[in-house]
$ cat protein37.txt   # compact mmCIF, C-alpha atoms
# COMPACT_ATOMS: atom_id res chain seq x y z
CA MET A 1 -63.42 -5.57 -19.99
CA ASN A 2 -62.98 -5.87 -16.23
CA LYS A 3 -60.96 -3.08 -14.66
CA PRO A 4 -58.31 -4.12 -12.11
CA SER A 5 -59.28 -3.33 -8.55
CA PRO A 6 -57.50 -0.41 -6.87
CA SER A 7 -55.82 -2.79 -4.42
CA ARG A 8 -54.45 -4.95 -7.21
CA THR A 9 -53.19 -1.86 -9.02
CA VAL A 10 -51.41 -0.62 -5.87
CA ARG A 11 -49.85 -4.06 -5.29
CA ALA A 12 -48.61 -4.17 -8.88
CA LEU A 13 -47.12 -0.70 -8.63
CA LEU A 14 -45.40 -1.56 -5.34
CA THR A 15 -43.98 -4.76 -6.84
CA CYS A 16 -42.60 -2.84 -9.80
CA ALA A 17 -41.12 -0.21 -7.50
CA VAL A 18 -39.40 -2.83 -5.33
CA LEU A 19 -38.03 -4.64 -8.36
CA GLY A 20 -36.85 -1.35 -9.81
CA LEU A 21 -35.07 -0.35 -6.62
CA SER A 22 -33.47 -3.78 -6.39
CA THR A 23 -32.19 -3.52 -9.96
CA LEU A 24 -30.94 0.02 -9.36
CA ALA A 25 -29.14 -0.98 -6.17
CA HIS A 26 -27.44 -3.84 -7.98
CA ALA A 27 -26.48 -1.56 -10.87
CA GLN A 28 -25.03 1.02 -8.49
CA GLN A 29 -23.04 -1.47 -6.40
CA VAL A 30 -19.43 -0.31 -6.36
CA PHE A 31 -16.40 -2.03 -4.90
CA ARG A 32 -14.11 0.70 -3.54
CA VAL A 33 -10.33 0.39 -3.37
CA THR A 34 -7.68 2.70 -1.96
CA ALA A 35 -3.92 2.66 -1.37
CA ILE A 36 -1.43 4.38 0.89
CA PRO A 37 -0.04 7.43 -0.97
CA ASP A 38 3.58 6.30 -0.94
CA GLU A 39 4.20 7.67 -4.44
CA SER A 40 2.89 10.56 -6.53
CA PRO A 41 -0.88 10.59 -7.25
CA THR A 42 -0.28 10.18 -10.99
CA GLU A 43 1.90 7.11 -10.46
CA LEU A 44 -0.60 5.52 -8.08
CA ALA A 45 -3.44 6.10 -10.57
CA ARG A 46 -1.35 4.66 -13.42
CA LYS A 47 -0.66 1.52 -11.38
CA ALA A 48 -4.30 1.17 -10.31
CA GLY A 49 -6.06 1.41 -13.69
CA PRO A 50 -5.48 -2.05 -15.22
CA LEU A 51 -5.89 -3.77 -11.84
CA MET A 52 -9.28 -2.14 -11.25
CA GLN A 53 -10.46 -3.28 -14.70
CA TYR A 54 -9.28 -6.81 -13.99
CA LEU A 55 -11.04 -6.94 -10.62
CA GLU A 56 -14.25 -5.65 -12.20
CA ALA A 57 -14.30 -8.66 -14.51
CA ARG A 58 -13.51 -11.08 -11.69
CA LEU A 59 -15.98 -9.64 -9.18
CA GLY A 60 -18.74 -8.84 -11.64
CA MET A 61 -19.27 -5.31 -10.33
CA LYS A 62 -17.95 -1.80 -10.76
CA VAL A 63 -14.55 -1.31 -9.09
CA GLU A 64 -13.44 2.22 -8.27
CA TYR A 65 -10.03 3.44 -7.13
CA ILE A 66 -10.33 6.17 -4.49
CA PRO A 67 -7.13 8.12 -3.72
CA VAL A 68 -6.47 9.42 -0.21
CA THR A 69 -4.35 12.34 0.98
CA ASP A 70 -2.24 10.55 3.57
CA TYR A 71 -1.51 7.22 5.24
CA ALA A 72 -3.85 7.87 8.17
CA ALA A 73 -6.74 8.45 5.76
CA SER A 74 -6.23 5.01 4.18
CA VAL A 75 -6.34 3.40 7.63
CA GLU A 76 -9.52 5.23 8.64
CA ALA A 77 -11.18 4.51 5.29
CA LEU A 78 -10.90 0.72 5.69
CA VAL A 79 -11.50 0.63 9.45
CA ASN A 80 -14.73 2.62 8.96
CA LYS A 81 -15.67 0.64 5.82
CA LYS A 82 -15.63 3.68 3.56
CA VAL A 83 -13.64 1.47 1.19
CA ASP A 84 -13.73 -2.30 0.69
CA MET A 85 -10.03 -3.01 0.20
CA ALA A 86 -6.79 -1.15 0.82
CA TRP A 87 -3.17 -1.48 -0.23
CA PHE A 88 -1.24 -1.14 3.01
CA GLY A 89 2.38 -1.20 4.02
CA GLY A 90 3.15 -3.55 6.87
CA PHE A 91 2.99 -0.72 9.41
CA THR A 92 -0.29 0.72 8.12
CA PHE A 93 -1.77 -2.78 8.28
CA VAL A 94 -0.63 -3.06 11.91
CA GLN A 95 -2.11 0.39 12.64
CA ALA A 96 -5.42 -0.49 10.98
CA ASN A 97 -5.63 -3.84 12.75
CA ALA A 98 -4.99 -2.21 16.14
CA ARG A 99 -7.41 0.64 15.37
CA SER A 100 -10.18 -1.82 14.41
CA GLY A 101 -9.70 -4.21 17.33
CA GLY A 102 -8.27 -6.95 15.12
CA LYS A 103 -10.87 -6.73 12.35
CA ILE A 104 -8.55 -6.11 9.39
CA ILE A 105 -7.57 -9.17 7.34
CA PRO A 106 -4.52 -9.21 5.04
CA LEU A 107 -5.44 -11.30 1.99
CA VAL A 108 -2.43 -11.39 -0.34
CA GLN A 109 0.99 -9.86 -0.77
CA ARG A 110 3.52 -9.83 -3.55
CA ALA A 111 6.11 -12.59 -3.35
CA GLU A 112 8.63 -9.75 -2.99
CA ASP A 113 6.91 -8.59 0.21
CA GLU A 114 7.97 -11.73 2.05
CA LYS A 115 11.56 -10.43 1.98
CA PHE A 116 11.23 -6.71 1.44
CA LYS A 117 14.08 -4.25 1.99
CA SER A 118 14.78 -0.55 2.34
CA VAL A 119 17.79 1.40 1.12
CA PHE A 120 19.62 4.43 2.47
CA ILE A 121 20.82 6.78 -0.26
CA THR A 122 23.03 9.87 -0.40
CA SER A 123 24.47 12.39 -2.84
CA ASP A 124 27.13 13.58 -0.37
CA PRO A 125 30.60 12.24 -1.35
CA ALA A 126 31.63 12.30 2.32
CA VAL A 127 28.85 9.89 3.33
CA LYS A 128 29.86 6.28 2.77
CA THR A 129 28.24 4.42 5.70
CA LEU A 130 25.32 4.85 8.06
CA THR A 131 27.67 6.21 10.72
CA ASP A 132 28.65 9.03 8.35
CA LEU A 133 25.07 10.32 8.58
CA LYS A 134 25.74 11.55 12.12
CA GLY A 135 25.23 15.30 12.29
CA LYS A 136 23.56 15.33 8.84
CA ASP A 137 20.07 16.11 7.55
CA VAL A 138 18.24 12.86 6.80
CA SER A 139 14.82 12.29 5.23
CA PHE A 140 12.37 9.48 5.77
CA GLY A 141 9.14 9.14 3.75
CA SER A 142 5.84 9.28 5.59
CA GLN A 143 5.94 8.81 9.36
CA SER A 144 3.52 5.88 8.85
CA SER A 145 5.62 4.24 6.14
CA THR A 146 7.01 0.78 6.84
CA SER A 147 9.82 0.85 4.29
CA GLY A 148 10.34 4.61 4.35
CA HIS A 149 10.44 5.14 8.12
CA LEU A 150 9.59 2.41 10.62
CA MET A 151 11.99 -0.32 9.51
CA PRO A 152 14.83 2.02 8.48
CA ARG A 153 14.54 3.68 11.91
CA SER A 154 14.54 0.26 13.58
CA PHE A 155 17.70 -0.82 11.76
CA LEU A 156 19.38 2.51 12.55
CA MET A 157 18.67 1.94 16.24
CA GLU A 158 20.13 -1.58 15.98
CA ALA A 159 23.27 -0.02 14.48
CA GLY A 160 23.55 2.31 17.46
CA LEU A 161 22.18 5.45 15.76
CA ASP A 162 19.28 7.37 17.25
CA PRO A 163 17.82 9.58 14.48
CA ASP A 164 16.34 12.05 16.97
CA LYS A 165 19.70 12.57 18.68
CA ASP A 166 22.38 11.75 16.11
CA PHE A 167 21.00 13.51 13.02
CA ARG A 168 21.10 17.28 12.72
CA ARG A 169 17.58 17.27 11.27
CA VAL A 170 15.01 14.58 10.53
CA ALA A 171 12.66 15.37 7.64
CA TYR A 172 9.59 13.54 6.36
CA SER A 173 9.12 13.83 2.59
CA GLY A 174 5.76 12.06 2.55
CA ALA A 175 6.60 9.62 -0.25
CA HIS A 176 9.48 7.51 -1.58
CA ASP A 177 9.91 9.44 -4.84
CA ALA A 178 9.95 12.69 -2.86
CA THR A 179 12.78 11.30 -0.71
CA ILE A 180 14.85 10.61 -3.83
CA ALA A 181 14.19 14.17 -5.03
CA ALA A 182 15.24 15.63 -1.66
CA VAL A 183 18.52 13.69 -1.69
CA ALA A 184 19.25 14.41 -5.36
CA SER A 185 18.69 18.15 -4.87
CA GLY A 186 20.93 18.27 -1.79
CA LYS A 187 18.15 19.34 0.56
CA VAL A 188 19.20 16.43 2.79
CA GLN A 189 22.40 14.41 2.89
CA GLY A 190 20.68 11.06 3.31
CA GLY A 191 17.34 9.37 2.82
CA ALA A 192 15.61 6.05 3.44
CA LEU A 193 13.10 4.51 1.08
CA ASN A 194 11.45 1.44 -0.41
CA ILE A 195 13.94 -0.60 -2.46
CA SER A 196 11.46 -1.32 -5.28
CA VAL A 197 10.84 2.41 -5.89
CA TRP A 198 14.59 3.01 -5.94
CA GLU A 199 15.15 0.17 -8.41
CA LYS A 200 12.30 1.46 -10.61
CA PHE A 201 13.85 4.96 -10.68
CA VAL A 202 17.22 3.47 -11.59
CA ALA A 203 15.73 1.27 -14.33
CA ASP A 204 13.79 4.21 -15.79
CA LYS A 205 16.88 6.45 -15.56
CA LYS A 206 14.98 8.94 -13.42
CA VAL A 207 17.93 9.29 -11.05
CA ASP A 208 21.59 9.94 -11.81
CA THR A 209 23.39 7.07 -10.06
CA THR A 210 26.75 8.78 -10.57
CA LYS A 211 25.52 11.35 -8.04
CA VAL A 212 22.94 9.52 -5.92
CA ARG A 213 23.97 6.13 -4.59
CA VAL A 214 22.97 3.47 -2.06
CA ILE A 215 25.09 3.31 1.10
CA TYR A 216 23.12 0.65 2.97
CA THR A 217 20.50 -2.01 2.24
CA THR A 218 18.52 -3.30 5.21
CA PRO A 219 17.92 -6.94 6.16
CA PRO A 220 14.60 -8.33 4.82
CA TYR A 221 11.20 -8.00 6.48
CA PHE A 222 7.52 -8.53 5.59
CA ASP A 223 5.85 -5.50 4.03
CA TYR A 224 2.94 -4.55 1.74
CA ASN A 225 -0.40 -6.37 1.43
CA TRP A 226 -3.95 -6.03 0.18
CA SER A 227 -6.27 -5.94 3.20
CA VAL A 228 -10.05 -6.08 3.74
CA HIS A 229 -12.40 -5.66 6.69
CA ALA A 230 -13.44 -8.82 8.52
CA ASP A 231 -17.09 -7.93 7.89
CA MET A 232 -16.65 -8.61 4.18
CA PRO A 233 -18.47 -11.84 3.21
CA ALA A 234 -16.15 -14.84 3.04
CA ALA A 235 -17.22 -15.54 -0.55
CA THR A 236 -16.12 -12.07 -1.66
CA ARG A 237 -12.80 -12.43 0.16
CA GLN A 238 -12.25 -15.73 -1.63
CA LYS A 239 -13.04 -14.17 -5.03
CA LEU A 240 -10.51 -11.43 -4.37
CA SER A 241 -7.80 -13.83 -3.25
CA ASP A 242 -8.42 -16.08 -6.24
CA ALA A 243 -8.23 -13.09 -8.59
CA PHE A 244 -4.83 -11.98 -7.29
CA LEU A 245 -3.42 -15.50 -7.15
CA ALA A 246 -4.56 -16.13 -10.75
CA LEU A 247 -2.47 -13.26 -12.16
CA ASN A 248 0.01 -14.88 -14.53
CA PRO A 249 2.99 -13.10 -16.11
CA ALA A 250 2.66 -15.44 -19.10
CA THR A 251 -0.52 -13.62 -20.19
CA PRO A 252 -0.51 -10.03 -21.55
CA GLU A 253 -3.03 -8.87 -18.94
CA GLY A 254 -1.24 -10.59 -16.08
CA LYS A 255 2.15 -9.26 -17.15
CA GLN A 256 0.88 -5.69 -17.42
CA ILE A 257 -0.70 -5.74 -13.96
CA LEU A 258 2.18 -7.53 -12.25
CA ASP A 259 4.75 -5.23 -13.84
CA LEU A 260 2.83 -2.16 -12.69
CA GLN A 261 2.56 -3.62 -9.19
CA ARG A 262 6.28 -4.50 -9.29
CA ALA A 263 5.42 -8.10 -8.51
CA SER A 264 6.52 -11.47 -9.87
CA LYS A 265 3.31 -12.95 -8.44
CA PHE A 266 0.90 -12.60 -5.51
CA VAL A 267 0.87 -15.10 -2.63
CA PRO A 268 -1.43 -15.61 0.38
CA THR A 269 -0.51 -13.82 3.60
CA LYS A 270 -1.71 -13.66 7.21
CA ALA A 271 -1.70 -11.27 10.16
CA GLU A 272 1.00 -13.27 11.98
CA ASN A 273 3.51 -12.28 9.28
CA TYR A 274 3.45 -8.70 10.60
CA LYS A 275 4.23 -9.42 14.26
CA GLY A 276 7.83 -8.29 13.70
CA ILE A 277 6.66 -4.94 12.35
CA GLU A 278 4.25 -4.56 15.26
CA ALA A 279 7.12 -5.26 17.68
CA ALA A 280 9.31 -2.66 15.95
CA ALA A 281 6.51 -0.10 16.11
CA ARG A 282 5.92 -0.69 19.82
CA SER A 283 9.65 -0.62 20.53
CA GLY A 284 9.90 2.76 18.81
CA SER A 285 6.78 4.06 20.60
CA LEU A 286 5.11 4.48 17.20
CA LEU A 287 2.02 2.38 17.98
$ encode --input "protein37.txt" --output "structure tokens"
Amino acid sequence: MNKPSPSRTVRALLTCAVLGLSTLAHAQQVFRVTAIPDESPTELARKAGPLMQYLEARLGMKVEYIPVTDYAASVEALVNKKVDMAWFGGFTFVQANARSGGKIIPLVQRAEDEKFKSVFITSDPAVKTLTDLKGKDVSFGSQSSTSGHLMPRSFLMEAGLDPDKDFRRVAYSGAHDATIAAVASGKVQGGALNISVWEKFVADKKVDTTKVRVIYTTPPYFDYNWSVHADMPAATRQKLSDAFLALNPATPEGKQILDLQRASKFVPTKAENYKGIEAAARSGSLL
């Protein structure tokens, strides 16, 4: 029997090694997703689970949810491509787009995000209108929150109230559910937050509405979206968009995911939708 030459043996080994590395790289490919921490970590993880499984099936690769500690971390993660997709509020999208030199692309938003709103709540019987918050302690959510800070602040200014001058103290709870807790406990006399979180707390009876009530609901504005980096291949962006747009509340899987995301459906979006938020941020010297 003829023995293979050393050169042929080396070539065969190299070919096997290359094929092995290629297979390993494919097997280890992970699509990474994060979200602004606008609610408790346990709630965010609960909402993410079924969606990550669904995207795995649609993309044909492992999808991993990666929590972050604050809003700024979510912006930096996508701008620096440490993650592949992020759930942003309108303001965090604007921040990420500015930070990246216009390289962040909003793919889809919930239908509800086309006309999103914030609410101001109180547990103080003496507070019945926004004006009654003068001289009081008032909490926003995160400083980078669209619905928990930027837009509520903008509407306060339009109503002739300057939070930094007219409120006794401005607090930042860090998240919408934390704002509800601060108001309910009496730590602050007023708070501003995302209307969908408020409605979820009311529906789940996690807040006593005989004590904590809404005193003002803002006009509508564009808010949350799923964003990706412009360097993502167009084919992958299309797969993602198609996956979100295909979610159907008539199917058990679609209903579960949409309910968790507090969405009736997802719709396409574009950067131009957030020009109003960008203008509000610049007007408030927050960008």
$ closest_residue --input "protein37.txt" --among "A:Phe201, A:Tyr54, A:Phe31, A:Tyr71" --to "A:Ala246" --atoms "only C-alpha atoms"
A:Tyr54
$ atom_distance --input "protein37.txt" --atom1 "atom CA of A:His229" --atom2 "atom CA of A:Ala281"
21.8 Å
$ closest_residue --input "protein37.txt" --among "A:Thr42, A:Thr146, A:Asn80, A:Asn194" --to "A:Ser100" --atoms "all atoms listed in the file"
A:Asn80
$ residues_around --input "protein37.txt" --residues "A:Pro41" --least-positions-apart "3" --cutoff "10 Å" --atoms "all atoms listed in the file" --output "ChimeraX atom specification"
/A:37-38,44-47,67-69
$ closest_residue --input "protein37.txt" --among "A:Val33, A:Ala96, A:Val63, A:Leu51" --to "A:Lys255" --atoms "only C-alpha atoms"
A:Leu51
$ closest_residue --input "protein37.txt" --among "A:Thr218, A:Ser227, A:Ser196, A:Gln189" --to "A:Lys81" --atoms "all atoms listed in the file"
A:Ser227
$ closest_residue --input "protein37.txt" --among "A:Val138, A:Met52, A:Leu240, A:Val94" --to "A:Val170" --atoms "only C-alpha atoms"
A:Val138
$ closest_residue --input "protein37.txt" --among "A:Gly284, A:Gly89, A:Gly174, A:Pro220" --to "A:Ser139" --atoms "only C-alpha atoms"
A:Gly174
$ atom_distance --input "protein37.txt" --atom1 "atom CA of A:Ser154" --atom2 "atom CA of A:Arg168"
18.3 Å
$ closest_atom_pairs --input "protein37.txt" --of "stretch 65-115 of chain A" --to "stretch 258-261 of chain A" --cutoff "12 Å" --atoms "all atoms listed in the file" --output "tab-separated table"
residue	atom	partner	partner_atom	distance
A:Trp87	CA	A:Gln261	CA	10.8
A:Gln109	CA	A:Gln261	CA	10.6
A:Arg110	CA	A:Gln261	CA	8.4
A:Ala111	CA	A:Leu258	CA	11.0
A:Glu112	CA	A:Gln261	CA	10.6
A:Asp113	CA	A:Gln261	CA	11.5
$ atom_distance --input "protein37.txt" --atom1 "atom CA of A:Arg262" --atom2 "atom CA of A:Val108"
14.3 Å
$ build_atoms --input "protein37.txt" --residues "stretch 157-168 of chain A" --atoms "all heavy atoms" --output "PDB file, keeping the file's coordinate frame"
ATOM      1  N   MET A 157      18.546   2.119  14.793  1.00  0.00           N
ATOM      2  CA  MET A 157      18.670   1.940  16.240  1.00  0.00           C
ATOM      3  C   MET A 157      19.518   0.707  16.563  1.00  0.00           C
ATOM      4  O   MET A 157      20.350   0.731  17.474  1.00  0.00           O
ATOM      5  CB  MET A 157      17.289   1.819  16.878  1.00  0.00           C
ATOM      6  CG  MET A 157      16.407   3.054  16.714  1.00  0.00           C
ATOM      7  SD  MET A 157      16.984   4.513  17.593  1.00  0.00           S
ATOM      8  CE  MET A 157      16.511   4.105  19.262  1.00  0.00           C
ATOM      9  N   GLU A 158      19.326  -0.369  15.786  1.00  0.00           N
ATOM     10  CA  GLU A 158      20.130  -1.580  15.980  1.00  0.00           C
ATOM     11  C   GLU A 158      21.606  -1.319  15.723  1.00  0.00           C
ATOM     12  O   GLU A 158      22.485  -1.944  16.336  1.00  0.00           O
ATOM     13  CB  GLU A 158      19.632  -2.701  15.060  1.00  0.00           C
ATOM     14  CG  GLU A 158      18.321  -3.342  15.489  1.00  0.00           C
ATOM     15  CD  GLU A 158      17.922  -4.491  14.596  1.00  0.00           C
ATOM     16  OE1 GLU A 158      18.782  -4.971  13.810  1.00  0.00           O
ATOM     17  OE2 GLU A 158      16.755  -4.929  14.662  1.00  0.00           O
ATOM     18  N   ALA A 159      21.879  -0.360  14.816  1.00  0.00           N
ATOM     19  CA  ALA A 159      23.270  -0.020  14.480  1.00  0.00           C
ATOM     20  C   ALA A 159      23.854   1.002  15.455  1.00  0.00           C
ATOM     21  O   ALA A 159      24.995   1.447  15.271  1.00  0.00           O
ATOM     22  CB  ALA A 159      23.329   0.514  13.054  1.00  0.00           C
ATOM     23  N   GLY A 160      23.058   1.374  16.454  1.00  0.00           N
ATOM     24  CA  GLY A 160      23.550   2.310  17.460  1.00  0.00           C
ATOM     25  C   GLY A 160      23.345   3.766  17.120  1.00  0.00           C
ATOM     26  O   GLY A 160      23.948   4.652  17.735  1.00  0.00           O
ATOM     27  N   LEU A 161      22.471   4.065  16.147  1.00  0.00           N
ATOM     28  CA  LEU A 161      22.180   5.450  15.760  1.00  0.00           C
ATOM     29  C   LEU A 161      20.748   5.809  16.131  1.00  0.00           C
ATOM     30  O   LEU A 161      19.807   5.117  15.743  1.00  0.00           O
ATOM     31  CB  LEU A 161      22.359   5.618  14.247  1.00  0.00           C
ATOM     32  CG  LEU A 161      23.794   5.565  13.703  1.00  0.00           C
ATOM     33  CD1 LEU A 161      23.761   5.493  12.179  1.00  0.00           C
ATOM     34  CD2 LEU A 161      24.583   6.777  14.153  1.00  0.00           C
ATOM     35  N   ASP A 162      20.602   6.871  16.894  1.00  0.00           N
ATOM     36  CA  ASP A 162      19.280   7.370  17.250  1.00  0.00           C
ATOM     37  C   ASP A 162      18.988   8.589  16.382  1.00  0.00           C
ATOM     38  O   ASP A 162      19.610   9.647  16.569  1.00  0.00           O
ATOM     39  CB  ASP A 162      19.233   7.772  18.732  1.00  0.00           C
ATOM     40  CG  ASP A 162      17.848   8.214  19.183  1.00  0.00           C
ATOM     41  OD1 ASP A 162      17.036   8.609  18.318  1.00  0.00           O
ATOM     42  OD2 ASP A 162      17.581   8.179  20.402  1.00  0.00           O
ATOM     43  N   PRO A 163      18.072   8.462  15.397  1.00  0.00           N
ATOM     44  CA  PRO A 163      17.820   9.580  14.480  1.00  0.00           C
ATOM     45  C   PRO A 163      17.495  10.897  15.178  1.00  0.00           C
ATOM     46  O   PRO A 163      17.917  11.961  14.722  1.00  0.00           O
ATOM     47  CB  PRO A 163      16.621   9.075  13.656  1.00  0.00           C
ATOM     48  CG  PRO A 163      16.709   7.594  13.729  1.00  0.00           C
ATOM     49  CD  PRO A 163      17.248   7.289  15.088  1.00  0.00           C
ATOM     50  N   ASP A 164      16.754  10.822  16.284  1.00  0.00           N
ATOM     51  CA  ASP A 164      16.340  12.050  16.970  1.00  0.00           C
ATOM     52  C   ASP A 164      17.473  12.718  17.728  1.00  0.00           C
ATOM     53  O   ASP A 164      17.377  13.895  18.084  1.00  0.00           O
ATOM     54  CB  ASP A 164      15.183  11.738  17.919  1.00  0.00           C
ATOM     55  CG  ASP A 164      13.968  11.190  17.181  1.00  0.00           C
ATOM     56  OD1 ASP A 164      13.687  11.701  16.077  1.00  0.00           O
ATOM     57  OD2 ASP A 164      13.330  10.260  17.691  1.00  0.00           O
ATOM     58  N   LYS A 165      18.550  11.999  17.956  1.00  0.00           N
ATOM     59  CA  LYS A 165      19.700  12.570  18.680  1.00  0.00           C
ATOM     60  C   LYS A 165      20.934  12.724  17.795  1.00  0.00           C
ATOM     61  O   LYS A 165      21.702  13.683  17.956  1.00  0.00           O
ATOM     62  CB  LYS A 165      20.040  11.695  19.885  1.00  0.00           C
ATOM     63  CG  LYS A 165      18.960  11.633  20.953  1.00  0.00           C
ATOM     64  CD  LYS A 165      19.367  10.702  22.081  1.00  0.00           C
ATOM     65  CE  LYS A 165      18.275  10.615  23.152  1.00  0.00           C
ATOM     66  NZ  LYS A 165      18.648   9.662  24.234  1.00  0.00           N
ATOM     67  N   ASP A 166      21.129  11.778  16.880  1.00  0.00           N
ATOM     68  CA  ASP A 166      22.380  11.750  16.110  1.00  0.00           C
ATOM     69  C   ASP A 166      22.312  12.514  14.789  1.00  0.00           C
ATOM     70  O   ASP A 166      23.363  12.863  14.229  1.00  0.00           O
ATOM     71  CB  ASP A 166      22.797  10.309  15.854  1.00  0.00           C
ATOM     72  CG  ASP A 166      23.190   9.585  17.133  1.00  0.00           C
ATOM     73  OD1 ASP A 166      23.777  10.242  18.016  1.00  0.00           O
ATOM     74  OD2 ASP A 166      22.891   8.381  17.265  1.00  0.00           O
ATOM     75  N   PHE A 167      21.107  12.743  14.260  1.00  0.00           N
ATOM     76  CA  PHE A 167      21.000  13.510  13.020  1.00  0.00           C
ATOM     77  C   PHE A 167      20.770  14.980  13.345  1.00  0.00           C
ATOM     78  O   PHE A 167      20.106  15.313  14.326  1.00  0.00           O
ATOM     79  CB  PHE A 167      19.846  12.984  12.159  1.00  0.00           C
ATOM     80  CG  PHE A 167      20.026  11.556  11.688  1.00  0.00           C
ATOM     81  CD1 PHE A 167      18.931  10.801  11.312  1.00  0.00           C
ATOM     82  CD2 PHE A 167      21.287  10.975  11.626  1.00  0.00           C
ATOM     83  CE1 PHE A 167      19.087   9.483  10.880  1.00  0.00           C
ATOM     84  CE2 PHE A 167      21.455   9.659  11.205  1.00  0.00           C
ATOM     85  CZ  PHE A 167      20.345   8.908  10.827  1.00  0.00           C
ATOM     86  N   ARG A 168      21.317  15.852  12.507  1.00  0.00           N
ATOM     87  CA  ARG A 168      21.100  17.280  12.720  1.00  0.00           C
ATOM     88  C   ARG A 168      19.635  17.639  12.543  1.00  0.00           C
ATOM     89  O   ARG A 168      19.072  18.421  13.307  1.00  0.00           O
ATOM     90  CB  ARG A 168      21.961  18.086  11.725  1.00  0.00           C
ATOM     91  CG  ARG A 168      21.801  19.608  11.862  1.00  0.00           C
ATOM     92  CD  ARG A 168      22.816  20.325  11.015  1.00  0.00           C
ATOM     93  NE  ARG A 168      22.706  19.968   9.595  1.00  0.00           N
ATOM     94  CZ  ARG A 168      23.632  20.270   8.685  1.00  0.00           C
ATOM     95  NH1 ARG A 168      24.739  20.893   9.051  1.00  0.00           N
ATOM     96  NH2 ARG A 168      23.462  19.907   7.414  1.00  0.00           N
TER      97      ARG A 168
END
